[in-house]
Structure formats: structure tokens, C-alpha cells
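query.txt (compact mmCIF, C-alpha atoms) appears below.
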# COMPACT_ATOMS: atom_id res chain seq x y z
CA MET A 1 22.84 -13.36 5.54
CA SER A 2 24.43 -16.79 5.87
CA ALA A 3 24.66 -19.01 2.84
CA PRO A 4 22.51 -22.13 2.93
CA GLU A 5 24.22 -25.46 3.42
CA PRO A 6 25.28 -27.21 0.27
CA ALA A 7 22.45 -29.46 -0.80
CA GLY A 8 24.63 -32.54 -1.22
CA GLY A 9 26.28 -32.27 2.20
CA GLU A 10 27.69 -35.35 3.92
CA ARG A 11 25.93 -34.94 7.22
CA ALA A 12 22.62 -36.53 7.92
CA ARG A 13 19.73 -34.35 6.97
CA ALA A 14 17.22 -33.11 9.45
CA PRO A 15 13.74 -33.21 7.92
CA HIS A 16 13.68 -29.56 6.98
CA ALA A 17 17.30 -28.52 7.14
CA GLY A 18 19.87 -28.33 4.42
CA VAL A 19 17.53 -28.76 1.49
CA ALA A 20 16.43 -25.19 1.06
CA ASN A 21 17.68 -24.99 -2.49
CA GLU A 22 15.72 -28.06 -3.48
CA HIS A 23 12.58 -26.71 -1.86
CA ILE A 24 12.73 -23.69 -4.10
CA SER A 25 11.55 -24.65 -7.56
CA LYS A 26 12.69 -22.82 -10.65
CA TRP A 27 9.24 -21.27 -10.91
CA GLU A 28 9.68 -19.83 -7.49
CA TRP A 29 13.06 -18.43 -8.46
CA ALA A 30 11.52 -16.91 -11.58
CA ALA A 31 8.68 -15.29 -9.62
CA ALA A 32 11.11 -13.98 -7.02
CA ALA A 33 13.29 -12.56 -9.77
CA LEU A 34 10.24 -10.83 -11.22
CA GLY A 35 9.54 -9.39 -7.79
CA VAL A 36 13.09 -8.06 -7.52
CA VAL A 37 12.89 -6.51 -10.99
CA LEU A 38 9.51 -4.85 -10.31
CA LEU A 39 10.61 -3.59 -6.92
CA LEU A 40 13.95 -2.21 -8.10
CA GLY A 41 12.25 -0.70 -11.14
CA ALA A 42 9.66 1.05 -8.98
CA ILE A 43 12.22 2.30 -6.45
CA GLY A 44 14.50 3.41 -9.28
CA ALA A 45 11.71 5.33 -11.01
CA LEU A 46 10.68 6.98 -7.74
CA LEU A 47 14.22 7.98 -6.83
CA TYR A 48 14.87 9.24 -10.34
CA ASP A 49 11.76 11.35 -10.14
CA ALA A 50 12.60 12.68 -6.69
CA LEU A 51 16.28 13.37 -7.13
CA ALA A 52 17.17 13.70 -10.80
CA ARG A 53 14.27 15.68 -12.24
CA PRO A 54 13.67 19.31 -11.43
CA THR A 55 10.52 20.04 -9.45
CA ALA A 56 8.26 22.66 -10.89
CA PRO A 57 4.83 23.97 -9.87
CA PRO A 58 1.83 22.99 -11.98
CA ASP A 59 2.24 24.45 -15.45
CA VAL A 60 -1.03 23.76 -17.21
CA VAL A 61 -1.78 24.02 -20.89
CA VAL A 62 -5.38 23.49 -22.01
CA ARG A 63 -6.14 22.68 -25.60
CA ALA A 64 -9.41 22.01 -27.37
CA GLU A 65 -9.77 18.55 -28.75
CA ARG A 66 -13.07 18.63 -30.62
CA VAL A 67 -16.56 20.11 -30.62
CA VAL A 68 -19.64 17.90 -30.46
CA PRO A 69 -23.19 19.22 -30.94
CA VAL A 70 -25.34 18.10 -27.98
CA ARG A 71 -28.97 18.68 -26.96
CA THR A 72 -28.14 21.78 -24.93
CA GLY A 73 -25.87 23.33 -27.53
CA TYR A 74 -22.22 22.47 -28.07
CA LEU A 75 -19.76 20.46 -26.04
CA LEU A 76 -16.12 21.42 -26.31
CA GLU A 77 -13.89 18.58 -25.21
CA PHE A 78 -10.52 19.64 -23.89
CA VAL A 79 -7.28 18.10 -22.73
CA ALA A 80 -5.45 19.73 -19.82
CA GLU A 81 -1.77 18.90 -19.72
CA ASN A 82 0.38 19.63 -16.69
CA ARG A 83 3.98 20.21 -17.78
CA GLY A 84 5.14 20.94 -14.24
CA SER A 85 6.07 18.18 -11.84
CA GLU A 86 3.66 18.89 -9.00
CA THR A 87 0.01 17.94 -8.77
CA ALA A 88 -2.79 20.48 -9.09
CA ALA A 89 -5.93 19.61 -7.13
CA ASP A 90 -9.35 21.12 -7.89
CA LEU A 91 -8.01 22.75 -11.01
CA VAL A 92 -10.51 25.11 -12.60
CA VAL A 93 -10.49 25.38 -16.39
CA ARG A 94 -12.34 28.32 -17.92
CA GLY A 95 -13.37 28.62 -21.52
CA GLU A 96 -14.47 31.91 -23.11
CA LEU A 97 -16.07 32.59 -26.48
CA ARG A 98 -15.60 35.90 -28.27
CA GLY A 99 -16.57 37.09 -31.69
CA ARG A 100 -13.94 36.43 -34.33
CA GLY A 101 -13.31 40.13 -34.89
CA ASP A 102 -13.26 41.17 -31.22
CA GLY A 103 -9.98 41.84 -29.50
CA ALA A 104 -8.80 39.80 -26.50
CA GLY A 105 -9.90 42.66 -24.22
CA ALA A 106 -13.52 42.50 -25.34
CA PRO A 107 -15.99 40.99 -22.87
CA PRO A 108 -16.66 37.36 -23.66
CA LEU A 109 -19.98 36.40 -25.24
CA GLU A 110 -20.09 33.27 -23.17
CA THR A 111 -18.10 31.65 -20.34
CA SER A 112 -18.03 28.10 -19.11
CA GLU A 113 -16.04 26.38 -16.36
CA ALA A 114 -15.04 22.88 -15.36
CA THR A 115 -13.14 21.62 -12.31
CA LEU A 116 -10.67 18.74 -12.54
CA ASP A 117 -10.22 16.88 -9.25
CA TYR A 118 -6.57 16.17 -9.82
CA LEU A 119 -4.06 16.87 -12.53
CA PRO A 120 -0.79 15.13 -11.60
CA GLY A 121 2.55 16.39 -12.83
CA ARG A 122 3.52 15.49 -16.40
CA SER A 123 0.08 14.06 -17.03
CA GLU A 124 -3.10 14.81 -18.93
CA ARG A 125 -6.73 14.78 -17.94
CA LYS A 126 -9.76 15.33 -20.13
CA GLY A 127 -12.90 17.33 -19.56
CA GLY A 128 -15.69 19.15 -21.36
CA LEU A 129 -17.24 22.64 -21.45
CA HIS A 130 -20.81 23.33 -22.53
CA PHE A 131 -21.65 26.36 -24.68
CA SER A 132 -24.88 27.45 -26.30
CA ARG A 133 -23.00 28.97 -29.26
CA ASP A 134 -20.85 26.96 -31.60
CA PRO A 135 -17.21 27.36 -30.52
CA ARG A 136 -16.08 26.59 -34.06
CA ALA A 137 -17.59 29.89 -35.21
CA HIS A 138 -15.95 31.91 -32.43
CA ALA A 139 -12.56 32.73 -30.97
CA VAL A 140 -12.04 30.35 -28.03
CA THR A 141 -9.81 31.00 -25.04
CA LEU A 142 -9.08 28.07 -22.72
CA GLN A 143 -7.29 28.83 -19.48
CA PRO A 144 -6.58 27.32 -16.08
CA THR A 145 -7.60 29.77 -13.37
CA GLY A 146 -6.62 28.28 -10.04
CA TYR A 147 -5.91 25.12 -8.11
CA GLN A 148 -4.99 23.97 -4.63
CA GLU A 149 -2.18 21.78 -3.41
CA PRO A 150 -3.42 18.29 -2.67
CA MET B 1 4.47 -30.95 -18.65
CA ALA B 2 7.87 -30.33 -17.13
CA ARG B 3 6.92 -31.92 -13.90
CA ALA B 4 7.48 -35.44 -15.17
CA GLN B 5 11.26 -34.98 -15.20
CA THR B 6 11.96 -32.65 -12.31
CA ALA B 7 13.50 -33.88 -9.09
CA ALA B 8 10.58 -32.71 -6.99
CA PRO B 9 7.70 -34.24 -8.90
CA SER B 10 4.92 -31.83 -8.02
CA SER B 11 6.93 -28.70 -7.28
CA GLY B 12 5.69 -26.89 -10.38
CA GLN B 13 2.09 -27.73 -9.73
CA SER B 14 2.21 -26.96 -6.04
CA PHE B 15 3.89 -23.69 -6.85
CA VAL B 16 1.04 -22.77 -9.19
CA THR B 17 -1.43 -23.62 -6.44
CA GLY B 18 0.55 -21.52 -4.02
CA LEU B 19 0.70 -18.68 -6.50
CA ALA B 20 -3.06 -18.75 -7.03
CA ARG B 21 -3.51 -18.68 -3.28
CA ALA B 22 -1.12 -15.74 -3.03
CA VAL B 23 -2.97 -13.79 -5.73
CA GLY B 24 -6.24 -14.46 -3.90
CA GLY B 25 -4.70 -13.28 -0.65
CA ALA B 26 -3.26 -10.18 -2.24
CA VAL B 27 -6.65 -9.21 -3.64
CA ILE B 28 -8.62 -10.07 -0.50
CA PHE B 29 -6.30 -8.22 1.83
CA SER B 30 -5.83 -5.17 -0.35
CA LEU B 31 -9.31 -4.80 -1.85
CA PRO B 32 -10.32 -2.13 0.68
CA VAL B 33 -7.35 0.00 -0.34
CA LEU B 34 -7.59 -0.88 -4.02
CA MET B 35 -11.08 0.63 -3.94
CA THR B 36 -10.10 3.72 -1.95
CA MET B 37 -9.87 6.93 -3.95
CA GLU B 38 -7.30 8.50 -1.65
CA MET B 39 -4.93 5.60 -2.29
CA TRP B 40 -4.95 6.29 -6.04
CA GLU B 41 -4.34 9.96 -5.39
CA LEU B 42 -1.55 9.29 -2.90
CA GLY B 43 0.01 7.14 -5.60
CA PHE B 44 0.86 10.25 -7.59
CA HIS B 45 1.09 13.08 -5.09
CA MET B 46 2.72 11.56 -2.02
CA SER B 47 6.43 12.16 -1.53
CA ARG B 48 8.41 9.96 -3.91
CA LEU B 49 11.16 9.46 -1.34
CA ARG B 50 8.74 8.36 1.36
CA LEU B 51 7.09 5.94 -1.03
CA ALA B 52 10.50 4.51 -2.00
CA LEU B 53 11.35 4.20 1.70
CA LEU B 54 8.08 2.38 2.36
CA LEU B 55 8.86 -0.11 -0.41
CA VAL B 56 12.26 -0.78 1.18
CA VAL B 57 10.90 -1.02 4.74
CA ASN B 58 8.39 -3.60 3.54
CA ILE B 59 11.15 -6.04 2.49
CA PRO B 60 12.37 -7.05 5.98
CA LEU B 61 8.73 -7.06 7.07
CA LEU B 62 7.86 -9.62 4.38
CA VAL B 63 10.94 -11.71 5.14
CA GLY B 64 10.01 -11.74 8.81
CA LEU B 65 6.38 -12.59 8.08
CA SER B 66 7.51 -15.43 5.86
CA HIS B 67 9.68 -16.71 8.69
CA PHE B 68 6.94 -16.52 11.31
CA SER B 69 3.94 -17.51 9.30
CA GLY B 70 4.79 -21.15 9.54
CA PHE B 71 6.32 -22.18 6.24
CA GLU B 72 9.32 -23.82 7.82
CA GLU B 73 10.28 -25.21 11.15
CA THR B 74 13.82 -23.97 10.90
CA PHE B 75 15.05 -20.58 9.87
CA GLU B 76 16.00 -20.75 6.21
CA PRO B 77 16.91 -17.17 5.37
CA LEU B 78 17.19 -17.81 1.66
CA GLU B 79 13.77 -19.34 1.41
CA ASP B 80 12.21 -16.51 3.38
CA VAL B 81 13.84 -13.95 1.12
CA VAL B 82 12.61 -15.77 -1.98
CA ASP B 83 9.11 -15.95 -0.49
CA ALA B 84 9.21 -12.23 0.23
CA PHE B 85 10.07 -11.33 -3.34
CA VAL B 86 7.52 -13.74 -4.77
CA ALA B 87 4.97 -11.96 -2.58
CA TYR B 88 6.16 -8.61 -3.92
CA ALA B 89 5.81 -9.84 -7.50
CA VAL B 90 2.27 -11.00 -6.75
CA GLY B 91 1.49 -7.70 -5.04
CA PHE B 92 2.67 -5.64 -8.00
CA VAL B 93 0.97 -7.74 -10.67
CA ALA B 94 -2.32 -8.08 -8.77
CA ALA B 95 -2.44 -4.33 -8.08
CA ALA B 96 -1.69 -3.47 -11.71
CA ILE B 97 -4.39 -5.80 -13.03
CA VAL B 98 -7.09 -4.70 -10.60
CA LEU B 99 -6.34 -0.99 -11.00
CA ALA B 100 -6.35 -1.36 -14.78
CA LEU B 101 -9.72 -3.14 -14.57
CA PHE B 102 -11.07 -0.26 -12.49
CA GLY B 103 -9.90 2.25 -15.10
CA VAL B 104 -7.59 3.86 -12.55
CA LEU B 105 -4.59 3.18 -14.77
CA ARG B 106 -4.98 4.70 -18.23
CA VAL B 107 -3.09 5.59 -21.33
CA GLY B 108 -1.87 9.20 -21.15
CA MET B 109 -0.87 9.02 -17.51
CA SER B 110 2.79 9.67 -16.85
CA LEU B 111 5.06 6.75 -16.00
CA ASP B 112 5.55 8.32 -12.60
CA GLU B 113 1.82 8.27 -11.89
CA LEU B 114 1.44 4.65 -13.04
CA VAL B 115 4.45 3.48 -11.03
CA GLY B 116 3.33 5.35 -7.93
CA LYS B 117 -0.22 4.00 -8.01
CA VAL B 118 0.86 0.39 -8.48
CA ALA B 119 3.84 0.48 -6.11
CA LEU B 120 1.78 1.89 -3.26
CA GLN B 121 -0.84 -0.85 -3.62
CA ALA B 122 1.85 -3.52 -3.91
CA VAL B 123 2.69 -3.02 -0.23
CA PRO B 124 -0.61 -4.26 1.28
CA GLY B 125 -0.94 -6.69 -1.63
CA SER B 126 2.38 -8.35 -0.89
CA MET B 127 1.49 -8.67 2.79
CA GLY B 128 -1.79 -10.26 1.79
CA ALA B 129 0.00 -12.64 -0.56
CA LEU B 130 2.23 -13.84 2.25
CA LEU B 131 -0.52 -14.05 4.85
CA ALA B 132 -2.70 -16.06 2.48
CA GLN B 133 0.03 -18.67 2.25
CA SER B 134 -0.04 -19.10 5.99
CA GLN B 135 -3.78 -18.76 6.56
CA PHE B 136 -5.14 -20.87 3.73
CA GLY B 137 -1.98 -22.96 3.54
CA GLY B 138 -1.90 -26.51 2.28
CA GLY B 139 -1.60 -29.65 4.38
CA ASP B 140 2.15 -29.97 4.73
CA ARG B 141 2.52 -26.42 5.82
CA GLU B 142 -0.22 -26.82 8.35
CA GLU B 143 1.58 -29.86 9.70
CA LYS B 144 4.81 -27.96 10.03
CA ARG B 145 2.91 -25.28 11.83
CA ALA B 146 1.43 -27.75 14.23
CA GLN B 147 4.83 -29.25 14.93
CA ARG B 148 5.97 -25.98 16.33
CA GLU B 149 5.61 -25.59 20.04
CA GLY B 150 2.17 -24.20 20.75
CA GLY B 151 1.75 -23.49 17.06
CA ARG B 152 3.06 -19.94 17.30
CA PRO B 153 6.39 -18.16 17.47
CA SER B 154 7.73 -17.89 20.98
CA GLY B 155 10.54 -15.36 21.42
CA TYR B 156 9.69 -11.96 22.83
CA ALA B 157 11.31 -10.12 19.93
CA SER B 158 9.29 -12.23 17.48
CA GLN B 159 6.11 -11.33 19.34
CA LEU B 160 6.94 -7.64 19.09
CA PHE B 161 7.72 -8.04 15.40
CA LEU B 162 4.36 -9.66 14.79
CA MET B 163 2.63 -6.84 16.63
CA ALA B 164 4.41 -4.28 14.47
CA ALA B 165 3.38 -6.16 11.33
CA GLY B 166 -0.25 -6.38 12.42
CA ALA B 167 -0.28 -2.71 13.38
CA LEU B 168 1.18 -1.69 10.05
CA PHE B 169 -1.29 -3.79 8.11
CA LEU B 170 -4.43 -2.47 9.77
CA ALA B 171 -3.15 1.10 9.98
CA PHE B 172 -2.33 1.00 6.29
CA ASN B 173 -5.91 0.06 5.49
CA VAL B 174 -7.46 3.14 7.06
CA ALA B 175 -4.67 5.72 7.06
CA PRO B 176 -5.11 6.94 3.48
CA THR B 177 -8.62 8.26 4.08
CA GLU B 178 -9.26 11.86 4.98
CA GLU B 179 -11.32 10.71 7.92
CA MET B 180 -8.19 10.12 10.03
CA VAL B 181 -7.47 13.83 10.17
CA LEU B 182 -11.16 14.76 10.24
CA ILE B 183 -11.77 12.55 13.29
CA ALA B 184 -8.76 14.09 15.00
CA HIS B 185 -10.24 17.55 14.38
CA LYS B 186 -13.57 16.53 15.90
CA MET B 187 -12.03 15.23 19.12
CA THR B 188 -11.31 17.21 22.27
CA ALA B 189 -8.32 16.39 24.48
CA TRP B 190 -10.65 14.28 26.63
CA HIS B 191 -11.74 12.26 23.64
CA VAL B 192 -8.11 11.61 22.78
CA LEU B 193 -7.33 10.43 26.30
CA ALA B 194 -10.42 8.23 26.35
CA LEU B 195 -9.56 6.70 22.99
CA ALA B 196 -6.02 5.94 24.17
CA ALA B 197 -7.44 4.25 27.28
CA VAL B 198 -9.92 2.22 25.21
CA SER B 199 -7.13 1.21 22.80
CA LEU B 200 -5.02 -0.04 25.70
CA ALA B 201 -7.95 -1.90 27.26
CA GLY B 202 -8.95 -3.47 23.95
CA MET B 203 -5.42 -4.51 23.32
CA HIS B 204 -5.11 -6.03 26.74
CA ALA B 205 -8.27 -8.06 26.16
CA PHE B 206 -6.61 -9.65 23.12
CA VAL B 207 -3.34 -10.19 24.97
CA TYR B 208 -5.19 -11.70 27.92
CA ALA B 209 -7.14 -14.03 25.68
CA LEU B 210 -3.90 -15.24 24.15
CA GLU B 211 -1.78 -15.57 27.26
CA PHE B 212 -4.35 -17.24 29.44
CA ARG B 213 -6.32 -19.18 26.90
CA GLY B 214 -7.80 -22.05 28.85
CA GLN B 215 -4.60 -22.72 30.76
CA HIS B 216 -2.60 -21.50 33.67
CA ALA B 217 0.25 -19.13 33.19
CA ILE B 218 3.24 -21.38 32.72
CA THR B 219 6.24 -19.13 32.73
CA PRO B 220 6.91 -17.13 35.88
CA GLY B 221 7.13 -13.88 33.89
CA HIS B 222 3.53 -14.34 32.80
CA SER B 223 1.90 -12.76 35.81
CA GLU B 224 -0.94 -10.44 34.89
CA VAL B 225 0.95 -7.27 35.63
CA GLY B 226 4.00 -8.57 33.83
CA VAL B 227 1.96 -9.44 30.75
CA PHE B 228 0.29 -6.05 30.82
CA LEU B 229 3.64 -4.29 30.88
CA ARG B 230 5.49 -6.59 28.49
CA PHE B 231 2.83 -6.97 25.84
CA THR B 232 0.03 -4.45 26.22
CA VAL B 233 2.03 -1.33 27.06
CA VAL B 234 4.94 -2.13 24.78
CA GLY B 235 2.51 -3.22 22.07
CA TYR B 236 0.60 0.06 22.30
CA ALA B 237 3.85 1.99 22.06
CA ILE B 238 4.66 0.05 18.90
CA ALA B 239 1.19 0.75 17.54
CA LEU B 240 1.62 4.50 18.12
CA LEU B 241 5.03 4.49 16.45
CA ILE B 242 3.65 2.63 13.43
CA SER B 243 0.69 5.01 13.33
CA ALA B 244 3.02 8.01 13.29
CA TYR B 245 5.19 6.42 10.62
CA VAL B 246 2.22 5.67 8.35
CA LEU B 247 0.74 9.17 8.78
CA TRP B 248 4.13 10.71 8.03
CA THR B 249 4.56 8.48 4.97
CA PHE B 250 1.21 9.67 3.60
CA GLY B 251 2.06 13.29 4.39
CA ARG B 252 -0.91 13.59 6.74
CA LEU B 253 1.02 15.30 9.53
CA GLY B 254 2.21 18.19 7.37
CA GLY B 255 1.18 21.61 8.65
CA MET B 256 -0.33 20.28 11.89
CA ASP B 257 0.66 21.54 15.29
CA ARG B 258 1.88 19.07 17.89
CA ILE B 259 -1.45 18.64 19.65
CA GLU B 260 -3.37 17.95 16.44
CA ALA B 261 -0.68 15.59 15.20
CA THR B 262 -0.82 13.69 18.49
CA ALA B 263 -4.57 13.38 18.19
CA ALA B 264 -4.24 12.00 14.65
CA ILE B 265 -1.59 9.52 15.82
CA VAL B 266 -3.86 8.31 18.64
CA VAL B 267 -6.80 8.01 16.23
CA LEU B 268 -4.84 5.84 13.83
CA GLY B 269 -3.24 4.16 16.84
CA PHE B 270 -6.62 2.61 17.63
CA PRO B 271 -6.79 0.35 14.56
CA ALA B 272 -3.02 -0.13 14.79
CA ALA B 273 -3.39 -1.40 18.37
CA VAL B 274 -6.17 -3.78 17.40
CA GLY B 275 -4.08 -5.02 14.46
CA ALA B 276 -1.03 -5.46 16.69
CA ALA B 277 -2.94 -7.45 19.27
CA ALA B 278 -4.82 -9.55 16.73
CA ALA B 279 -1.68 -10.40 14.76
CA ARG B 280 -0.45 -12.59 17.62
CA LEU B 281 -3.73 -14.45 17.62
CA ILE B 282 -3.97 -14.88 13.87
CA LEU B 283 -0.42 -15.72 12.86
As C-alpha cells - that is how I would like this structure written.
Amino acid sequence: MSAPEPAGGERARAPHAGVANEHISKWEWAAAALGVVLLLGAIGALLYDALARPTAPPDVVVRAERVVPVRTGYLLEFVAENRGSETAADLVVRGELRGRGDGAGAPPLETSEATLDYLPGRSERKGGLHFSRDPRAHAVTLQPTGYQEP
Amino acid sequence: MARAQTAAPSSGQSFVTGLARAVGGAVIFSLPVLMTMEMWELGFHMSRLRLALLLVVNIPLLVGLSHFSGFEETFEPLEDVVDAFVAYAVGFVAAAIVLALFGVLRVGMSLDELVGKVALQAVPGSMGALLAQSQFGGGDREEKRAQREGGRPSGYASQLFLMAAGALFLAFNVAPTEEMVLIAHKMTAWHVLALAAVSLAGMHAFVYALEFRGQHAITPGHSEVGVFLRFTVVGYAIALLISAYVLWTFGRLGGMDRIEATAAIVVLGFPAAVGAAAARLIL
């Protein structure tokens, strides 16, 4: 790209030639600089993510956050965290309640499911499961069951 | 404030006016995509490399738009580059604010998700910011525009560039939706051929309106057949290329066979063709 003419040049000025630098106010320079920073930052973050970080399939951990009594029973609020790098779409989260003394192989007393539209890589999404029994008095299992690629 | 001492007395103030106009343009032009669910989702699951490429490809596009949209009579590369990056800044900031207002950006999302969502929306936003400057421009810019011969850029390459920009803009507005692929699935081969013919005809109507608007064809090359070949056919080819590029960028062509992919390209080629033809009228 050719450099603009020096603003104080000797030659006669055409109405719109040779004064480019004076046309550009310092505010404009500042805004343009912000644009460069944002753009390079975004491109840098994208390239870093694409090239420098390992890609991994969705690796979802679901943990209970709290239990709220509601009109129909109990609401268990959960956070699903994807520790992989790829997005899980239509991710199904299943919660099961068992008696405290029952083993993991025992049939659950109650099951509830929720579907999360999208759970991007390295991100969290929240959801809730309804139960008629109080999850705080039972052994709770929270598990992702399946998803599809977006 | 500072404007009392500066060399150009009202440069600060006029820049603020211009900036407000640019923000308005960014929001107006990108509101359809800001409020499209698929765009938010593409922000985190589309290919990072293709998104980075799109951000880079948009730079020369903005510089070119700044050149052609009538800011200056002469080609001042530096000023056009500065304008392009100002537009990018506006695009990024406007997208971030609007998406945050919509609750699409939240605490707990990964940096990658936030960056992807905002960066993707910054592309149409920055185009809108630039176009707003030319469309709702102030008096002096309008004057400069009018000074130009015929009020629009003349060279053939410039015309093709404008068509590509228009095609990209309109294609970008509809490409993220699932309907593009759904429509392609619904169509038979005959539908695809008919849509291609209608796209060409519609495009030619625009071209005709522009080339023969109330006056005789001046240049010898502007015979009807010549115009059809030079603008309509070439323009439609550009529209199809842009359509394919946008679909590829959004990962919409993955897993499709050649026939289905062609149908999807022709479907998106319809708005792209209209955008290409209209760009020459609007800019």
C-alpha cells in the first residue's frame, strides 16, 4: 500500500488530495486502533483454539447445585459442564434417585430427564430435574446419556 | 471540549456523529442475524479456522466498500483502511452490547464461545457500519458523491466487486438458518433449474434498470446482449461462488452429495443474486 503524501507538501493541493492525514482525526485513529485490537484478539483466540489446544469429544460432568421444594415436589437444579472441546447438541441429562442403603445396581425409585439444546466445549449450562421425592433424602445419580453433533 | 484547539475545528464532533451513524447502521443491518438462534450457535460450533478466515476476508471487503461508498473522490488507501477498522470496532462493540442485552452472552460461558459469538456478528455489523456512512451520510459526503461521474463507481472490476459485496451481505443474512438446507431437500432437479432461471431473470431486471435508466446506452459495449453477458451472467456466477463460500464457512455443505450441495448453493444463490444486483443500484 503506498504511503500518503506528506501533509505539508510543496505542490498545490487538489481539494481532496494530499490531506488524508489531516482528515483523520485522533478519535478516528483511536477507534481504528480499537478495531485492530479487537480483530487481532478475536483471530488470535480462534487460531489458538483451533491449532494449539487439543480437540476432544464432549466430556460432560453433571453436578447438583441445589434442591428447591416446588408445588409438584422437588426441583433439583444442576450444572452440566463440558470439559471436552467439541459441542454436544440435544444432550440428555438423566437423574436417578435410589434409597440411601441400596447399591448402585438397584432399580431407581424415580427417574427424571432433561435435554439441553447445546453444551459447547469448555462451557457450562444449567437445567433442572423434577422429582416427587426429596433428593436430599436419597442417593442421587446424575448422568449424561447421549447427544448429537450439531 | 478539545475541539476548540484542534486544527480541524469540528472533527471531533463530526466523528461522534459519524460514529453514532455507524452504530445505528451496524444494528439495523445486522439485527436480523443478531436475533437468529442459528447465528449464536454457529458462533461456538462452527469451524474456528473458517471463522478466522471469514474475519480476514472481510477486511479487504470493508476497505473496498469504504472506497466505493463515496467518502472520497480520490483513492486514499490509508483513509479507507482506517474506515474499515473503525467499522470493525463498531461491529464488534455493537454485537457485544446487543448480544449481552439479549442474554446470549453470559457469565460461565467459555472465552471461546464469547469470542466466537461476537466475532461472527461483527462481520455483518461492520458492513452495516460502513454502509450507513454512505447511505445516511452527511452533506459534504453527499456532495462528494454527487461530484463523481454519474454518482457511482465506473470501472468493470469495481462493479464486480460491488456485486460480490452485495451478494455476501444478503447471503450472510439468510445462510445461517436451517431452512437453506431444508429448502434444498424439498426441491426436485426441475425446481433447482427453475430457481436458477428466475435468479438470472431477476438479476437481469435489476441490471437492465440500472444500465438503461431513462437514457440511451452510451458506451458501445452496452448493447443488451453485451450487458446480459458482462453483468448478469458474470454477476450470477459471482453470486453462486459467494453462496458456496458462505455455506462452506457455516459448515452447511458437510456430508452432502454433489447434487444436494448444488441445490443448496442455488437456493442461497437466489438471495445472493438479488443482493449482487441491488448493490450496484444502492451504492
Item checked: Atomic separation - CA of Pro144 (chain A) relative to CA of Glu65 (chain A), Å ->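 Going from CA of Glu65 (chain A) over to CA of Pro144 (chain A), I get 15.7 Å.
Picture a line from CA of Asp90 (chain A) to CA of Arg136 (chain A); it runs 27.6 Å.
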If you take only C-alpha atoms and a cut-off of 6 Å, which residues of chain A touch chain B, and what are their nearest atom pairs and distances in Å to one decimal, in chain and number order, as a Markdown table?
| residue | atom | partner | partner_atom | distance |
| --- | --- | --- | --- | --- |
| A:Ala31 | CA | B:Val86 | CA | 5.2 |
| A:Ala32 | CA | B:Val86 | CA | 4.2 |
| A:Leu34 | CA | B:Ala89 | CA | 5.9 |
| A:Gly35 | CA | B:Ala89 | CA | 3.8 |
| A:Ile43 | CA | B:Ala52 | CA | 5.3 |
| A:Leu46 | CA | B:Arg48 | CA | 5.4 |
| A:Ala50 | CA | B:Arg48 | CA | 5.7 |
| A:Arg122 | CA | B:Ser110 | CA | 5.9 |
| A:Ser123 | CA | B:Met109 | CA | 5.2 |
Next item on the list: Please measure the separation of CA of Leu129 (chain A) and CA of Leu75 (chain A), giving the value in Å to one decimal.
Entry: 5.7 Å
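Counting only C-alpha atoms and comparing B:Phe250, B:Phe68, B:Trp190, B:Tyr245, the residue that lies closest to Ala263 (chain B) is B:Trp190.
Nearest to Leu65 (chain B) of all the residues B:Phe169, B:Tyr236, B:Trp248, B:Phe206 is B:Phe169, counting only C-alpha atoms.
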Note to self: Residues near Pro271 (chain B), anyone? I mean within 12 Å using only C-alpha atoms, not counting same-chain ones fewer than 6 positions away, as JSON, numbers by chain.
What the structure shows: {"B": [166, 167, 168, 169, 170, 171, 172, 173, 174, 175, 180, 195, 196, 198, 199, 200, 202, 203, 236, 239, 240, 242, 243, 264, 265, 277, 278, 279]}
Keeping C-alpha atoms, export the residues of the selection given above as a PDB file, in the coordinates of the input.
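That gives us selection_22.pdb:
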ATOM      1  CA  GLY B 166      -0.250  -6.380  12.420  1.00  0.00           C
ATOM      2  CA  ALA B 167      -0.280  -2.710  13.380  1.00  0.00           C
ATOM      3  CA  LEU B 168       1.180  -1.690  10.050  1.00  0.00           C
ATOM      4  CA  PHE B 169      -1.290  -3.790   8.110  1.00  0.00           C
ATOM      5  CA  LEU B 170      -4.430  -2.470   9.770  1.00  0.00           C
ATOM      6  CA  ALA B 171      -3.150   1.100   9.980  1.00  0.00           C
ATOM      7  CA  PHE B 172      -2.330   1.000   6.290  1.00  0.00           C
ATOM      8  CA  ASN B 173      -5.910   0.060   5.490  1.00  0.00           C
ATOM      9  CA  VAL B 174      -7.460   3.140   7.060  1.00  0.00           C
ATOM     10  CA  ALA B 175      -4.670   5.720   7.060  1.00  0.00           C
ATOM     11  CA  MET B 180      -8.190  10.120  10.030  1.00  0.00           C
ATOM     12  CA  LEU B 195      -9.560   6.700  22.990  1.00  0.00           C
ATOM     13  CA  ALA B 196      -6.020   5.940  24.170  1.00  0.00           C
ATOM     14  CA  VAL B 198      -9.920   2.220  25.210  1.00  0.00           C
ATOM     15  CA  SER B 199      -7.130   1.210  22.800  1.00  0.00           C
ATOM     16  CA  LEU B 200      -5.020  -0.040  25.700  1.00  0.00           C
ATOM     17  CA  GLY B 202      -8.950  -3.470  23.950  1.00  0.00           C
ATOM     18  CA  MET B 203      -5.420  -4.510  23.320  1.00  0.00           C
ATOM     19  CA  TYR B 236       0.600   0.060  22.300  1.00  0.00           C
ATOM     20  CA  ALA B 239       1.190   0.750  17.540  1.00  0.00           C
ATOM     21  CA  LEU B 240       1.620   4.500  18.120  1.00  0.00           C
ATOM     22  CA  ILE B 242       3.650   2.630  13.430  1.00  0.00           C
ATOM     23  CA  SER B 243       0.690   5.010  13.330  1.00  0.00           C
ATOM     24  CA  ALA B 264      -4.240  12.000  14.650  1.00  0.00           C
ATOM     25  CA  ILE B 265      -1.590   9.520  15.820  1.00  0.00           C
ATOM     26  CA  ALA B 277      -2.940  -7.450  19.270  1.00  0.00           C
ATOM     27  CA  ALA B 278      -4.820  -9.550  16.730  1.00  0.00           C
ATOM     28  CA  ALA B 279      -1.680 -10.400  14.760  1.00  0.00           C
TER      29      ALA B 279
END
